[in-house]
>>> print(open('protein-v6.txt').read())   # compact mmCIF, N, CA and C atoms
# COMPACT_ATOMS: atom_id res chain seq x y z
N GLY C 754 -7.06 -1.72 -10.73
CA GLY C 754 -6.27 -2.94 -10.73
C GLY C 754 -7.13 -4.16 -10.49
N TRP C 755 -6.44 -5.25 -10.31
CA TRP C 755 -7.13 -6.54 -10.15
C TRP C 755 -7.92 -6.62 -8.85
N THR C 756 -7.52 -5.86 -7.83
CA THR C 756 -8.23 -5.95 -6.55
C THR C 756 -9.67 -5.48 -6.64
N GLN C 757 -9.95 -4.49 -7.48
CA GLN C 757 -11.32 -4.00 -7.62
C GLN C 757 -12.24 -5.09 -8.18
N ARG C 758 -11.68 -5.98 -8.98
CA ARG C 758 -12.47 -7.08 -9.54
C ARG C 758 -12.54 -8.28 -8.62
N ALA C 759 -11.52 -8.46 -7.76
CA ALA C 759 -11.41 -9.69 -6.97
C ALA C 759 -12.09 -9.60 -5.60
N PHE C 760 -12.42 -8.40 -5.14
CA PHE C 760 -13.02 -8.25 -3.82
C PHE C 760 -14.40 -7.60 -3.94
N ASP C 761 -15.35 -8.13 -3.16
CA ASP C 761 -16.66 -7.50 -3.14
C ASP C 761 -16.67 -6.36 -2.13
N GLN C 762 -17.79 -5.71 -1.94
CA GLN C 762 -17.87 -4.54 -1.06
C GLN C 762 -17.59 -4.86 0.40
N SER C 763 -17.80 -6.12 0.79
CA SER C 763 -17.53 -6.50 2.18
C SER C 763 -16.10 -7.01 2.36
N GLY C 764 -15.31 -7.01 1.28
CA GLY C 764 -13.92 -7.43 1.38
C GLY C 764 -13.67 -8.91 1.15
N ARG C 765 -14.69 -9.64 0.72
CA ARG C 765 -14.50 -11.07 0.42
C ARG C 765 -13.81 -11.22 -0.93
N TYR C 766 -12.87 -12.17 -0.98
CA TYR C 766 -12.06 -12.43 -2.17
C TYR C 766 -12.73 -13.45 -3.07
N TYR C 767 -12.82 -13.11 -4.37
CA TYR C 767 -13.37 -14.01 -5.37
C TYR C 767 -12.42 -14.04 -6.58
N PRO C 768 -11.59 -15.09 -6.70
CA PRO C 768 -10.70 -15.15 -7.86
C PRO C 768 -11.51 -15.24 -9.14
N PHE C 769 -11.13 -14.47 -10.14
CA PHE C 769 -11.87 -14.44 -11.41
C PHE C 769 -11.06 -15.03 -12.56
N ASP C 770 -9.90 -15.59 -12.26
CA ASP C 770 -9.00 -16.13 -13.27
C ASP C 770 -8.37 -17.40 -12.69
N SER C 771 -8.19 -18.43 -13.49
CA SER C 771 -7.66 -19.69 -12.98
C SER C 771 -6.21 -19.58 -12.51
N ASN C 772 -5.51 -18.52 -12.85
CA ASN C 772 -4.15 -18.31 -12.40
C ASN C 772 -4.09 -17.60 -11.05
N MET C 773 -5.22 -17.13 -10.57
CA MET C 773 -5.26 -16.45 -9.28
C MET C 773 -5.25 -17.48 -8.16
N PRO C 774 -4.56 -17.19 -7.05
CA PRO C 774 -4.54 -18.14 -5.94
C PRO C 774 -5.95 -18.35 -5.38
N PRO C 775 -6.26 -19.58 -4.93
CA PRO C 775 -7.60 -19.84 -4.40
C PRO C 775 -7.88 -19.10 -3.09
N SER C 776 -6.83 -18.75 -2.35
CA SER C 776 -6.99 -17.97 -1.13
C SER C 776 -5.78 -17.04 -1.01
N LEU C 777 -5.92 -16.05 -0.13
CA LEU C 777 -4.87 -15.05 0.05
C LEU C 777 -4.45 -14.97 1.51
N PRO C 778 -3.19 -14.59 1.77
CA PRO C 778 -2.81 -14.34 3.15
C PRO C 778 -3.57 -13.13 3.68
N HIS C 779 -3.79 -13.09 4.97
CA HIS C 779 -4.58 -12.01 5.57
C HIS C 779 -3.86 -10.67 5.46
N ARG C 780 -4.60 -9.66 5.12
CA ARG C 780 -4.14 -8.27 5.14
C ARG C 780 -5.20 -7.44 5.87
N ALA C 781 -4.77 -6.41 6.56
CA ALA C 781 -5.72 -5.57 7.31
C ALA C 781 -6.69 -4.88 6.36
N ASN C 782 -6.23 -4.54 5.16
CA ASN C 782 -7.06 -3.84 4.18
C ASN C 782 -6.83 -4.49 2.82
N TRP C 783 -7.88 -4.80 2.10
CA TRP C 783 -7.73 -5.47 0.80
C TRP C 783 -6.95 -4.63 -0.20
N LEU C 784 -6.91 -3.31 -0.01
CA LEU C 784 -6.13 -2.46 -0.90
C LEU C 784 -4.62 -2.69 -0.76
N ASP C 785 -4.21 -3.26 0.37
CA ASP C 785 -2.80 -3.57 0.58
C ASP C 785 -2.28 -4.61 -0.42
N TYR C 786 -3.17 -5.40 -1.01
CA TYR C 786 -2.75 -6.39 -2.00
C TYR C 786 -2.21 -5.73 -3.27
N ASP C 787 -2.61 -4.50 -3.53
CA ASP C 787 -2.05 -3.78 -4.69
C ASP C 787 -0.59 -3.42 -4.46
N ILE C 788 -0.20 -3.25 -3.22
CA ILE C 788 1.17 -2.91 -2.87
C ILE C 788 2.03 -4.16 -2.74
N ASP C 789 1.49 -5.19 -2.11
CA ASP C 789 2.21 -6.45 -1.87
C ASP C 789 1.38 -7.58 -2.47
N THR C 790 1.55 -7.79 -3.76
CA THR C 790 0.71 -8.76 -4.48
C THR C 790 1.13 -10.20 -4.19
N PRO C 791 0.16 -11.12 -4.18
CA PRO C 791 0.48 -12.53 -3.96
C PRO C 791 1.03 -13.18 -5.23
N LEU C 792 1.68 -14.32 -5.05
CA LEU C 792 2.10 -15.10 -6.21
C LEU C 792 0.88 -15.69 -6.90
N THR C 793 0.93 -15.74 -8.21
CA THR C 793 -0.12 -16.43 -8.96
C THR C 793 0.10 -17.94 -8.83
N VAL C 794 -0.84 -18.72 -9.28
CA VAL C 794 -0.70 -20.18 -9.27
C VAL C 794 0.54 -20.57 -10.09
N LYS C 795 0.69 -19.96 -11.25
CA LYS C 795 1.86 -20.23 -12.10
C LYS C 795 3.15 -19.77 -11.42
N GLY C 796 3.13 -18.61 -10.80
CA GLY C 796 4.30 -18.09 -10.10
C GLY C 796 4.73 -18.98 -8.95
N LEU C 797 3.77 -19.53 -8.22
CA LEU C 797 4.08 -20.44 -7.12
C LEU C 797 4.76 -21.70 -7.65
N ALA C 798 4.22 -22.26 -8.74
CA ALA C 798 4.82 -23.46 -9.34
C ALA C 798 6.23 -23.16 -9.84
N GLN C 799 6.42 -22.02 -10.47
CA GLN C 799 7.75 -21.65 -10.95
C GLN C 799 8.73 -21.49 -9.80
N SER C 800 8.29 -20.89 -8.70
CA SER C 800 9.19 -20.70 -7.56
C SER C 800 9.60 -22.03 -6.95
N TRP C 801 8.68 -22.98 -6.88
CA TRP C 801 9.01 -24.32 -6.37
C TRP C 801 10.03 -24.99 -7.29
N ASN C 802 9.83 -24.88 -8.59
CA ASN C 802 10.76 -25.51 -9.54
C ASN C 802 12.16 -24.91 -9.43
N VAL C 803 12.24 -23.60 -9.37
CA VAL C 803 13.55 -22.95 -9.23
C VAL C 803 14.21 -23.35 -7.92
N GLY C 804 13.44 -23.37 -6.83
CA GLY C 804 13.98 -23.78 -5.54
C GLY C 804 14.50 -25.20 -5.55
N ASN C 805 13.79 -26.10 -6.21
CA ASN C 805 14.25 -27.49 -6.31
C ASN C 805 15.55 -27.61 -7.07
N VAL C 806 15.70 -26.87 -8.15
CA VAL C 806 16.95 -26.90 -8.93
C VAL C 806 18.09 -26.33 -8.10
N LEU C 807 17.87 -25.21 -7.43
CA LEU C 807 18.91 -24.62 -6.59
C LEU C 807 19.34 -25.60 -5.49
N ALA C 808 18.39 -26.27 -4.88
CA ALA C 808 18.70 -27.23 -3.82
C ALA C 808 19.42 -28.46 -4.38
N ARG C 809 18.98 -28.96 -5.52
CA ARG C 809 19.59 -30.15 -6.12
C ARG C 809 21.07 -29.94 -6.39
N TYR C 810 21.42 -28.75 -6.84
CA TYR C 810 22.82 -28.47 -7.19
C TYR C 810 23.54 -27.68 -6.10
N ASN C 811 22.94 -27.59 -4.92
CA ASN C 811 23.54 -26.87 -3.79
C ASN C 811 24.01 -25.47 -4.17
N LEU C 812 23.20 -24.78 -4.93
CA LEU C 812 23.54 -23.42 -5.34
C LEU C 812 23.10 -22.44 -4.26
N PRO C 813 24.01 -21.59 -3.80
CA PRO C 813 23.63 -20.63 -2.76
C PRO C 813 22.75 -19.52 -3.31
N VAL C 814 21.85 -19.05 -2.48
CA VAL C 814 20.98 -17.92 -2.85
C VAL C 814 21.42 -16.73 -2.01
N THR C 815 21.82 -15.67 -2.68
CA THR C 815 22.23 -14.46 -1.97
C THR C 815 21.18 -13.35 -2.05
N ALA C 816 20.29 -13.45 -3.04
CA ALA C 816 19.22 -12.47 -3.18
C ALA C 816 18.11 -13.10 -4.02
N CYS C 817 16.90 -12.61 -3.80
CA CYS C 817 15.77 -13.10 -4.57
C CYS C 817 14.88 -11.91 -4.92
N TYR C 818 14.54 -11.78 -6.20
CA TYR C 818 13.70 -10.68 -6.67
C TYR C 818 12.47 -11.24 -7.36
N SER C 819 11.37 -10.53 -7.26
CA SER C 819 10.16 -10.93 -7.98
C SER C 819 9.47 -9.68 -8.49
N SER C 820 8.61 -9.89 -9.46
CA SER C 820 7.87 -8.79 -10.04
C SER C 820 6.74 -8.36 -9.10
N PRO C 821 6.54 -7.07 -8.93
CA PRO C 821 5.44 -6.61 -8.08
C PRO C 821 4.08 -6.65 -8.77
N ALA C 822 4.05 -6.96 -10.07
CA ALA C 822 2.79 -6.91 -10.81
C ALA C 822 2.09 -8.26 -10.77
N PHE C 823 0.78 -8.22 -10.55
CA PHE C 823 -0.04 -9.42 -10.62
C PHE C 823 -0.44 -9.60 -12.07
N ARG C 824 0.10 -10.63 -12.70
CA ARG C 824 -0.20 -10.88 -14.11
C ARG C 824 -0.82 -12.25 -14.24
N SER C 825 -1.76 -12.39 -15.14
CA SER C 825 -2.36 -13.71 -15.35
C SER C 825 -2.19 -14.12 -16.79
>>> encode(input="protein-v6.txt", output="C-alpha cells")
Amino acid sequence: GWTQRAFDQSGRYYPFDSNMPPSLPHRANWLDYDIDTPLTVKGLAQSWNVGNVLARYNLPVTACYSSPAFRS
C-alpha cells in the first residue's frame, strides 16, 4: 500500500503525491495508517465544502461515512 512508499525505515513520513496531507496525526505504529487512513488534501477540501453547505441550510447530520481507501 501507500504506507510502504510514504514512510522510511525509521518511520518518518514523506508525502510522494501532492494530494497527500503534508503531515499526519500521530499513530503508535505507521502500519496503523493502512487501517485508519487520513483524508487526502482533496478529501479535506471536499469535507469542508459539504460541511459549509449543511450548516448554511441547517441540515441535520445523523451519520457520516467515508471511504477507507487512500486514493490520489
>>> select_by_dssp(input="protein-v6.txt", residues="chain C", states="helix (DSSP H, G or I)", output="NGL selection string")
:C and (755-759 or 783-787 or 794-809)
>>> atom_distance(input="protein-v6.txt", atom1="atom C of Ser819 in chain C", atom2="atom C of Val806 in chain C")
18.8 Å
>>> closest_atom_pairs(input="protein-v6.txt", of="range 769-814 of chain C", to="range 760-764 of chain C", cutoff="8 Å", atoms="all atoms listed in the file", output="Markdown table")
| residue | atom | partner | partner_atom | distance |
| --- | --- | --- | --- | --- |
| C:Phe769 | N | C:Phe760 | N | 8.0 |
| C:Asn782 | C | C:Gly764 | CA | 7.8 |
| C:Trp783 | CA | C:Gly764 | CA | 6.5 |
>>> atom_distance(input="protein-v6.txt", atom1="atom C of Tyr786 in chain C", atom2="CA of Ala798 in chain C")
20.0 Å
>>> residues_around(input="protein-v6.txt", residues="Cys817 in chain C", least_positions_apart="6", cutoff="12 Å", atoms="only C-alpha atoms", output="short mmCIF file (atom, residue, chain, number, x, y, z; two decimals) with N, CA and C atoms, in the coordinates of the input")
data_model
loop_
_atom_site.label_atom_id
_atom_site.label_comp_id
_atom_site.auth_asym_id
_atom_site.auth_seq_id
_atom_site.Cartn_x
_atom_site.Cartn_y
_atom_site.Cartn_z
N SER C 800 8.29 -20.89 -8.70
CA SER C 800 9.19 -20.70 -7.56
C SER C 800 9.60 -22.03 -6.95
N VAL C 803 12.24 -23.60 -9.37
CA VAL C 803 13.55 -22.95 -9.23
C VAL C 803 14.21 -23.35 -7.92
N GLY C 804 13.44 -23.37 -6.83
CA GLY C 804 13.98 -23.78 -5.54
C GLY C 804 14.50 -25.20 -5.55
#
>>> atom_distance(input="protein-v6.txt", atom1="atom N of Arg780 in chain C", atom2="CA of Val814 in chain C")
28.0 Å
>>> closest_residue(input="protein-v6.txt", among="C:Val794, C:Tyr810, C:Gly754, C:Asn802", to="Pro774 in chain C", atoms="all atoms listed in the file")
C:Val794
>>> residues_around(input="protein-v6.txt", residues="Asp785 in chain C", least_positions_apart="4", cutoff="12 Å", atoms="only C-alpha atoms", output="PyMOL selection string")
chain C and resi 754-757+764+777-781+789-791
>>> axis_aligned_box(input="protein-v6.txt", around="range 766-782 of chain C", padding_each_side="4 Å", output="lines of an AutoDock Vina configuration file")
center_x = -8.1
center_y = -11.8
center_z = -3.1
size_x = 18.6
size_y = 24.0
size_z = 28.8
